[in-house]
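final.cif follows; it contains mmCIF, C-alpha atoms.
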data_protein
loop_
_atom_site.label_atom_id
_atom_site.label_comp_id
_atom_site.auth_asym_id
_atom_site.auth_seq_id
_atom_site.Cartn_x
_atom_site.Cartn_y
_atom_site.Cartn_z
CA MET A 1 4.54 16.42 6.64
CA LEU A 2 7.89 14.59 6.32
CA ILE A 3 6.02 11.43 7.30
CA GLU A 4 2.55 11.97 5.86
CA GLN A 5 3.81 13.10 2.44
CA PRO A 6 7.44 12.27 1.60
CA PRO A 7 9.42 15.29 0.38
CA HIS A 8 10.72 15.66 -3.15
CA LEU A 9 14.34 15.06 -2.18
CA TYR A 10 13.52 11.69 -0.60
CA ARG A 11 11.58 10.66 -3.70
CA LEU A 12 14.60 11.44 -5.86
CA LEU A 13 16.52 8.66 -4.09
CA PHE A 14 14.15 6.17 -5.70
CA PRO A 15 13.14 7.74 -9.03
CA GLU A 16 11.89 4.46 -10.54
CA ALA A 17 9.47 3.85 -7.66
CA LEU A 18 5.80 4.73 -7.92
CA TRP A 19 4.79 7.56 -5.60
CA GLN A 20 1.92 9.26 -7.41
CA ILE A 21 0.11 8.11 -10.56
CA LYS A 22 -2.00 10.39 -12.71
CA VAL A 23 -4.51 9.00 -15.19
CA ALA A 24 -5.45 11.10 -18.19
CA GLY A 25 -8.93 12.53 -17.88
CA GLN A 26 -9.50 11.31 -14.31
CA LYS A 27 -9.10 12.58 -10.78
CA THR A 28 -7.67 9.42 -9.28
CA VAL A 29 -6.46 7.92 -6.01
CA TYR A 30 -5.07 4.50 -5.17
CA LEU A 31 -6.00 2.86 -1.87
CA THR A 32 -3.33 0.51 -0.54
CA PHE A 33 -3.16 -1.55 2.65
CA ASP A 34 -0.03 -2.84 4.36
CA ASP A 35 0.80 -5.62 6.83
CA GLY A 36 -2.11 -8.07 6.38
CA PRO A 37 -3.91 -10.21 5.74
CA ILE A 38 -5.20 -11.05 9.20
CA PRO A 39 -8.65 -12.45 10.13
CA GLU A 40 -9.31 -9.79 12.79
CA VAL A 41 -9.19 -6.83 10.37
CA THR A 42 -8.88 -7.73 6.67
CA PRO A 43 -12.42 -9.15 6.21
CA TRP A 44 -13.87 -5.91 7.59
CA VAL A 45 -11.84 -3.93 5.03
CA LEU A 46 -12.96 -6.22 2.22
CA ASP A 47 -16.62 -5.83 3.14
CA LEU A 48 -16.30 -2.04 3.26
CA LEU A 49 -14.58 -1.95 -0.13
CA ASP A 50 -17.26 -4.22 -1.59
CA HIS A 51 -19.95 -1.89 -0.24
CA HIS A 52 -18.38 1.01 -2.15
CA ASP A 53 -17.40 -1.08 -5.18
CA ILE A 54 -13.73 -0.12 -4.71
CA LYS A 55 -10.70 -2.22 -5.56
CA ALA A 56 -7.44 -1.78 -3.65
CA THR A 57 -3.90 -3.09 -3.56
CA PHE A 58 -2.84 -5.08 -0.47
CA PHE A 59 0.87 -5.32 0.35
CA CYS A 60 0.93 -8.60 2.22
CA VAL A 61 3.38 -10.00 4.74
CA GLY A 62 4.38 -13.43 3.50
CA ASP A 63 4.07 -15.12 6.88
CA ASN A 64 0.49 -13.86 7.19
CA VAL A 65 -0.27 -15.34 3.77
CA ARG A 66 1.25 -18.61 4.96
CA LYS A 67 -0.96 -18.60 8.06
CA TYR A 68 -4.14 -17.43 6.34
CA PRO A 69 -4.04 -18.66 2.72
CA ASP A 70 -7.84 -18.64 2.39
CA LEU A 71 -7.90 -14.97 3.32
CA TYR A 72 -5.20 -14.21 0.75
CA HIS A 73 -7.27 -15.92 -1.94
CA GLN A 74 -10.29 -13.90 -0.82
CA LEU A 75 -8.34 -10.75 -1.65
CA LEU A 76 -7.73 -11.99 -5.16
CA GLY A 77 -11.14 -13.52 -5.63
CA ARG A 78 -12.83 -10.24 -4.75
CA GLY A 79 -10.89 -8.39 -7.42
CA HIS A 80 -8.10 -6.79 -5.45
CA LEU A 81 -4.37 -6.87 -6.17
CA THR A 82 -1.62 -7.99 -3.86
CA GLY A 83 1.98 -6.92 -3.42
CA ASN A 84 5.03 -8.18 -1.55
CA HIS A 85 5.78 -6.64 1.88
CA THR A 86 8.57 -9.13 2.71
CA PHE A 87 8.05 -12.40 4.53
CA ASN A 88 8.64 -11.16 8.07
CA HIS A 89 8.04 -7.40 7.78
CA VAL A 90 11.79 -6.87 7.90
CA GLN A 91 13.24 -3.38 8.14
CA ALA A 92 15.42 -3.05 5.08
CA TRP A 93 17.89 -0.49 6.40
CA LYS A 94 18.72 -2.76 9.35
CA ASN A 95 19.57 -5.72 7.11
CA SER A 96 21.88 -6.52 4.23
CA THR A 97 20.75 -6.33 0.63
CA SER A 98 21.15 -10.09 0.22
CA PHE A 99 19.01 -10.76 3.30
CA LEU A 100 16.28 -8.40 2.08
CA LEU A 101 16.20 -10.10 -1.31
CA ARG A 102 16.03 -13.56 0.24
CA ASN A 103 13.19 -12.46 2.49
CA ALA A 104 11.28 -10.84 -0.37
CA ASN A 105 11.80 -13.90 -2.56
CA LYS A 106 10.53 -16.14 0.23
CA ALA A 107 7.37 -14.05 0.36
CA ALA A 108 7.14 -14.19 -3.44
CA GLU A 109 6.74 -17.96 -3.24
CA LEU A 110 3.31 -17.22 -1.71
CA ILE A 111 2.44 -13.82 -3.19
CA ASP A 112 1.94 -13.77 -6.95
CA SER A 113 2.99 -10.20 -7.66
CA THR A 114 5.98 -8.19 -8.83
CA LEU A 115 4.90 -5.21 -6.72
CA PHE A 116 7.05 -4.58 -3.65
CA ARG A 117 6.77 -2.09 -0.80
CA PRO A 118 9.49 -2.00 1.86
CA PRO A 119 8.15 -2.08 5.43
CA HIS A 120 8.12 1.42 6.91
CA GLY A 121 8.88 2.74 3.41
CA HIS A 122 12.61 2.89 4.00
CA MET A 123 15.51 1.17 2.31
CA ARG A 124 18.99 1.92 1.05
CA VAL A 125 19.60 2.88 -2.57
CA PRO A 126 21.60 -0.30 -3.36
CA GLN A 127 18.69 -2.37 -2.03
CA ASN A 128 16.33 -0.58 -4.37
CA VAL A 129 18.65 -1.30 -7.30
CA ALA A 130 18.89 -4.97 -6.35
CA LEU A 131 15.11 -5.27 -6.08
CA GLN A 132 14.67 -3.78 -9.54
CA GLN A 133 17.26 -6.13 -10.97
CA ALA A 134 15.36 -9.02 -9.40
CA GLY A 135 12.22 -7.96 -11.27
CA TYR A 136 10.30 -6.13 -8.54
CA LYS A 137 8.44 -2.86 -9.04
CA VAL A 138 8.82 -0.70 -5.93
CA VAL A 139 5.65 1.11 -4.83
CA MET A 140 5.99 3.85 -2.23
CA TRP A 141 3.22 6.35 -1.44
CA ASP A 142 2.08 9.93 -1.72
CA VAL A 143 0.03 9.93 1.51
CA VAL A 144 0.54 7.76 4.56
CA THR A 145 -2.37 8.11 6.96
CA ARG A 146 -0.42 7.18 10.11
CA ASP A 147 -3.31 4.99 11.23
CA TYR A 148 -0.74 2.70 12.88
CA SER A 149 0.48 5.35 15.36
CA ARG A 150 -0.68 5.28 18.95
CA TYR A 151 0.07 9.02 19.06
CA THR A 152 -2.40 9.75 16.25
CA THR A 153 -6.13 10.00 16.91
CA PRO A 154 -8.75 8.58 14.53
CA GLU A 155 -9.75 12.14 13.66
CA GLN A 156 -6.15 13.04 12.82
CA VAL A 157 -5.89 10.04 10.51
CA LEU A 158 -8.91 11.27 8.58
CA GLU A 159 -7.50 14.78 8.50
CA ASN A 160 -4.22 13.47 7.08
CA VAL A 161 -6.16 12.17 4.09
CA LYS A 162 -8.07 15.40 3.60
CA LYS A 163 -4.98 17.59 4.01
CA TYR A 164 -2.49 15.76 1.83
CA VAL A 165 -4.40 13.87 -0.86
CA ARG A 166 -4.16 15.12 -4.44
CA ASP A 167 -4.71 13.81 -7.93
CA GLY A 168 -2.81 10.56 -8.37
CA SER A 169 -2.11 9.99 -4.67
CA ILE A 170 -1.16 6.51 -3.54
CA ILE A 171 -2.68 6.33 -0.04
CA VAL A 172 -1.52 3.93 2.68
CA PHE A 173 -3.77 2.41 5.33
CA HIS A 174 -2.97 -0.74 7.33
CA ASP A 175 -5.10 -3.86 7.84
CA SER A 176 -3.33 -4.60 11.11
CA LEU A 177 -4.22 -4.85 14.79
CA LYS A 178 -2.07 -1.83 15.56
CA ALA A 179 -4.04 0.32 13.12
CA GLU A 180 -7.47 -1.21 13.66
CA LYS A 181 -9.06 1.47 15.85
CA ASN A 182 -7.86 4.43 13.79
CA MET A 183 -8.42 2.77 10.44
CA LYS A 184 -11.96 1.60 11.17
CA TYR A 185 -12.93 5.16 12.04
CA ALA A 186 -11.06 7.00 9.29
CA LEU A 187 -11.36 4.71 6.27
CA PRO A 188 -15.16 4.84 5.78
CA LEU A 189 -15.20 8.61 6.24
CA ALA A 190 -12.20 9.07 3.97
CA ILE A 191 -13.87 7.06 1.22
CA GLU A 192 -17.03 9.12 1.48
CA TRP A 193 -15.05 12.37 1.42
CA LEU A 194 -12.92 11.29 -1.55
CA LYS A 195 -16.06 10.39 -3.48
CA GLU A 196 -17.61 13.77 -2.67
CA GLU A 197 -14.43 15.43 -3.93
CA GLY A 198 -14.78 13.63 -7.25
CA TYR A 199 -11.99 11.06 -6.96
CA THR A 200 -12.15 7.65 -8.61
CA PHE A 201 -10.38 4.64 -7.13
CA GLU A 202 -7.94 2.61 -9.20
CA LEU A 203 -5.56 -0.30 -8.79
CA ILE A 204 -1.80 0.11 -8.90
CA PRO A 205 -0.68 -0.78 -12.44
CA ALA A 206 0.97 -4.19 -12.18
CA ARG A 207 1.51 -7.49 -13.89
CA GLN A 208 -0.11 -10.19 -11.83
CA SER A 209 -1.84 -13.41 -12.80
CA ASN A 210 -3.91 -15.68 -10.61
CA GLN A 211 -6.60 -18.25 -11.05
CA ASP A 212 -9.02 -16.61 -8.65
CA ASN A 213 -10.23 -13.75 -10.83
CA GLY A 214 -8.39 -14.06 -14.12
CA PHE A 215 -6.81 -10.63 -13.66
CA THR A 216 -3.68 -10.16 -15.70
CA ASP A 217 -2.62 -6.61 -16.35
CA PRO A 218 -4.34 -3.32 -15.53
CA GLN A 219 -3.06 -0.72 -17.96
CA PRO A 220 -4.34 2.79 -17.28
CA ILE A 221 -2.48 5.61 -18.98
CA PHE A 222 -0.27 6.94 -16.23
CA THR A 223 2.68 9.18 -15.63
CA LYS A 224 5.03 8.88 -12.69
CA GLN A 225 5.04 11.99 -10.54
CA LEU A 226 8.03 12.74 -8.34
CA GLY A 227 6.56 15.38 -6.10
CA SER A 228 4.41 17.74 -8.09
#
Written as structure tokens, how would this file's structure read?
Amino acid sequence: MLIEQPPHLYRLLFPEALWQIKVAGQKTVYLTFDDGPIPEVTPWVLDLLDHHDIKATFFCVGDNVRKYPDLYHQLLGRGHLTGNHTFNHVQAWKNSTSFLLRNANKAAELIDSTLFRPPHGHMRVPQNVALQQAGYKVVMWDVVTRDYSRYTTPEQVLENVKKYVRDGSIIVFHDSLKAEKNMKYALPLAIEWLKEEGYTFELIPARQSNQDNGFTDPQPIFTKQLGS
């Protein structure tokens, strides 16, 4: 559970980050995808989301956006949001604060979003402060599916969603080659199950403007939850 659902004490290290978002009068979840976009996996995710009329937030690696700009614009054009996942998927705790900021800013030249998620979900407190001062909004998660793990079966990925999801959960899948097998099995079934359980799917609240879909600022009523 320390991985699938971060404990309260860890969340307290980053109290300004988004972990769980509750919307008044709704039973809500937030689908997010890390590490893309890539042509082998992301289009499949987009088609599945279109089929269910669901919008999601994609935390993109800047170098992937550089290599596949048309795919990035597909994300936006189909009504999804994007966030910054650094330019090279750098591990924050292994690098200096100044390096992390430079890498995030390099990605920001290609990714029109103030949302930021550190790769692997780890960083040092001073790095979090510096990111906030630079204008980024850090988005963590309430449930990570572990679809990326070679030690996790597709069935276990689905079970992680069923076991740990709750109202307001930010859920992490990955549109990556490493996660492809597990994600392609678990995501469709997870969506069906979440719908049966009465959840609605929302976008992470963010300021983001682009010319693909005219989206500017989703503003649901939300409260930040630190581990309820």
How close does segment 109-220 of chain A get to segment 48-67 of chain A? List, as a tab-separated table, each residue of segment 109-220 of chain A within 8 Å, its nearest atom pair and the distance in Å to one decimal, counting only C-alpha atoms.
residue	atom	partner	partner_atom	distance
A:Leu110	CA	A:Gly62	CA	6.5
A:Ile111	CA	A:Gly62	CA	7.0
A:Phe116	CA	A:Phe59	CA	7.4
A:Arg117	CA	A:Phe59	CA	6.8
A:Pro188	CA	A:Leu48	CA	7.4
A:Phe201	CA	A:Ile54	CA	6.3
A:Glu202	CA	A:Lys55	CA	6.6
A:Leu203	CA	A:Ala56	CA	5.7
A:Ile204	CA	A:Thr57	CA	6.6
File of the preceding selection, C-alpha atoms, as an mmCIF file, in the frame of the given file:
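Wrote it out as result_0.cif, contents follow:
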data_model
loop_
_atom_site.group_PDB
_atom_site.id
_atom_site.type_symbol
_atom_site.label_atom_id
_atom_site.label_comp_id
_atom_site.auth_asym_id
_atom_site.auth_seq_id
_atom_site.Cartn_x
_atom_site.Cartn_y
_atom_site.Cartn_z
ATOM 1 C CA LEU A 110 3.310 -17.220 -1.710
ATOM 2 C CA ILE A 111 2.440 -13.820 -3.190
ATOM 3 C CA PHE A 116 7.050 -4.580 -3.650
ATOM 4 C CA ARG A 117 6.770 -2.090 -0.800
ATOM 5 C CA PRO A 188 -15.160 4.840 5.780
ATOM 6 C CA PHE A 201 -10.380 4.640 -7.130
ATOM 7 C CA GLU A 202 -7.940 2.610 -9.200
ATOM 8 C CA LEU A 203 -5.560 -0.300 -8.790
ATOM 9 C CA ILE A 204 -1.800 0.110 -8.900
#
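This file, filtered with the PyMOL selection byres ((chain A and resi 166-178) around 6), gives the residues Gln20, Ile21, Lys22, Lys27, Thr28, Val29, Tyr30, Leu31, Thr32, Phe33, Asp34, Gly36, Val41, Thr42, Trp141, Asp142, Val143, Val144, Tyr148, Val165, Ala179 and Glu180 of chain A.
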Deliver the residues from the most recent selection as a file, using C-alpha atoms, as an mmCIF file, in the coordinates of the input.
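out-v7.cif was written with the following content:
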data_model
loop_
_atom_site.group_PDB
_atom_site.id
_atom_site.type_symbol
_atom_site.label_atom_id
_atom_site.label_comp_id
_atom_site.auth_asym_id
_atom_site.auth_seq_id
_atom_site.Cartn_x
_atom_site.Cartn_y
_atom_site.Cartn_z
ATOM 1 C CA GLN A 20 1.920 9.260 -7.410
ATOM 2 C CA ILE A 21 0.110 8.110 -10.560
ATOM 3 C CA LYS A 22 -2.000 10.390 -12.710
ATOM 4 C CA LYS A 27 -9.100 12.580 -10.780
ATOM 5 C CA THR A 28 -7.670 9.420 -9.280
ATOM 6 C CA VAL A 29 -6.460 7.920 -6.010
ATOM 7 C CA TYR A 30 -5.070 4.500 -5.170
ATOM 8 C CA LEU A 31 -6.000 2.860 -1.870
ATOM 9 C CA THR A 32 -3.330 0.510 -0.540
ATOM 10 C CA PHE A 33 -3.160 -1.550 2.650
ATOM 11 C CA ASP A 34 -0.030 -2.840 4.360
ATOM 12 C CA GLY A 36 -2.110 -8.070 6.380
ATOM 13 C CA VAL A 41 -9.190 -6.830 10.370
ATOM 14 C CA THR A 42 -8.880 -7.730 6.670
ATOM 15 C CA TRP A 141 3.220 6.350 -1.440
ATOM 16 C CA ASP A 142 2.080 9.930 -1.720
ATOM 17 C CA VAL A 143 0.030 9.930 1.510
ATOM 18 C CA VAL A 144 0.540 7.760 4.560
ATOM 19 C CA TYR A 148 -0.740 2.700 12.880
ATOM 20 C CA VAL A 165 -4.400 13.870 -0.860
ATOM 21 C CA ALA A 179 -4.040 0.320 13.120
ATOM 22 C CA GLU A 180 -7.470 -1.210 13.660
#
Written as a PDB file with C-alpha atoms, in the frame of the given file, which residues does the PyMOL selection byres ((chain A and resi 125) around 12) give for the file shown?
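Wrote expr-v4.pdb, looks like this:
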ATOM      1  CA  TYR A  10      13.520  11.690  -0.600  1.00  0.00           C
ATOM      2  CA  ARG A  11      11.580  10.660  -3.700  1.00  0.00           C
ATOM      3  CA  LEU A  12      14.600  11.440  -5.860  1.00  0.00           C
ATOM      4  CA  LEU A  13      16.520   8.660  -4.090  1.00  0.00           C
ATOM      5  CA  PHE A  14      14.150   6.170  -5.700  1.00  0.00           C
ATOM      6  CA  PRO A  15      13.140   7.740  -9.030  1.00  0.00           C
ATOM      7  CA  GLU A  16      11.890   4.460 -10.540  1.00  0.00           C
ATOM      8  CA  ALA A  17       9.470   3.850  -7.660  1.00  0.00           C
ATOM      9  CA  ALA A  92      15.420  -3.050   5.080  1.00  0.00           C
ATOM     10  CA  TRP A  93      17.890  -0.490   6.400  1.00  0.00           C
ATOM     11  CA  SER A  96      21.880  -6.520   4.230  1.00  0.00           C
ATOM     12  CA  THR A  97      20.750  -6.330   0.630  1.00  0.00           C
ATOM     13  CA  HIS A 122      12.610   2.890   4.000  1.00  0.00           C
ATOM     14  CA  MET A 123      15.510   1.170   2.310  1.00  0.00           C
ATOM     15  CA  ARG A 124      18.990   1.920   1.050  1.00  0.00           C
ATOM     16  CA  PRO A 126      21.600  -0.300  -3.360  1.00  0.00           C
ATOM     17  CA  GLN A 127      18.690  -2.370  -2.030  1.00  0.00           C
ATOM     18  CA  ASN A 128      16.330  -0.580  -4.370  1.00  0.00           C
ATOM     19  CA  VAL A 129      18.650  -1.300  -7.300  1.00  0.00           C
ATOM     20  CA  ALA A 130      18.890  -4.970  -6.350  1.00  0.00           C
ATOM     21  CA  LEU A 131      15.110  -5.270  -6.080  1.00  0.00           C
ATOM     22  CA  GLN A 132      14.670  -3.780  -9.540  1.00  0.00           C
ATOM     23  CA  VAL A 138       8.820  -0.700  -5.930  1.00  0.00           C
TER      24      VAL A 138
END
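Taking atom CA of Gln5 of chain A and atom CA of Tyr151 of chain A as the two end points, the separation is 17.5 Å.
What separates atom CA of His120 of chain A from atom CA of Met183 of chain A is a distance of 17.0 Å.
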So what does the PyMOL selection byres ((chain A and resi 157) around 8) actually pick up in this one, as a PyMOL selection string?
chain A and resi 145-147+152-156+158-161+182-183+186
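The spacing separating atom CA of Tyr68 of chain A from atom CA of Pro39 of chain A amounts to 7.7 Å.
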Edge lengths and centre in Å to one decimal, as JSON, of the axis-aligned box that encloses all listed atoms of segment 118-130 of chain A with 6 Å added on every side?
{"center_x": 14.9, "center_y": -1.0, "center_z": -0.2, "size_x": 25.5, "size_y": 19.9, "size_z": 26.2}
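Among the candidate residues A:Ala24, A:Lys181, A:Asn105, A:Leu46, the one lying nearest to Gly79 of chain A is A:Leu46, with distances computed using all atoms listed in the file.
Residue nearest His89 of chain A within the list A:Glu4, A:Asp47, A:Glu196, A:Asp35: A:Asp35 [criterion: smallest interatomic distance, all atoms listed in the file].
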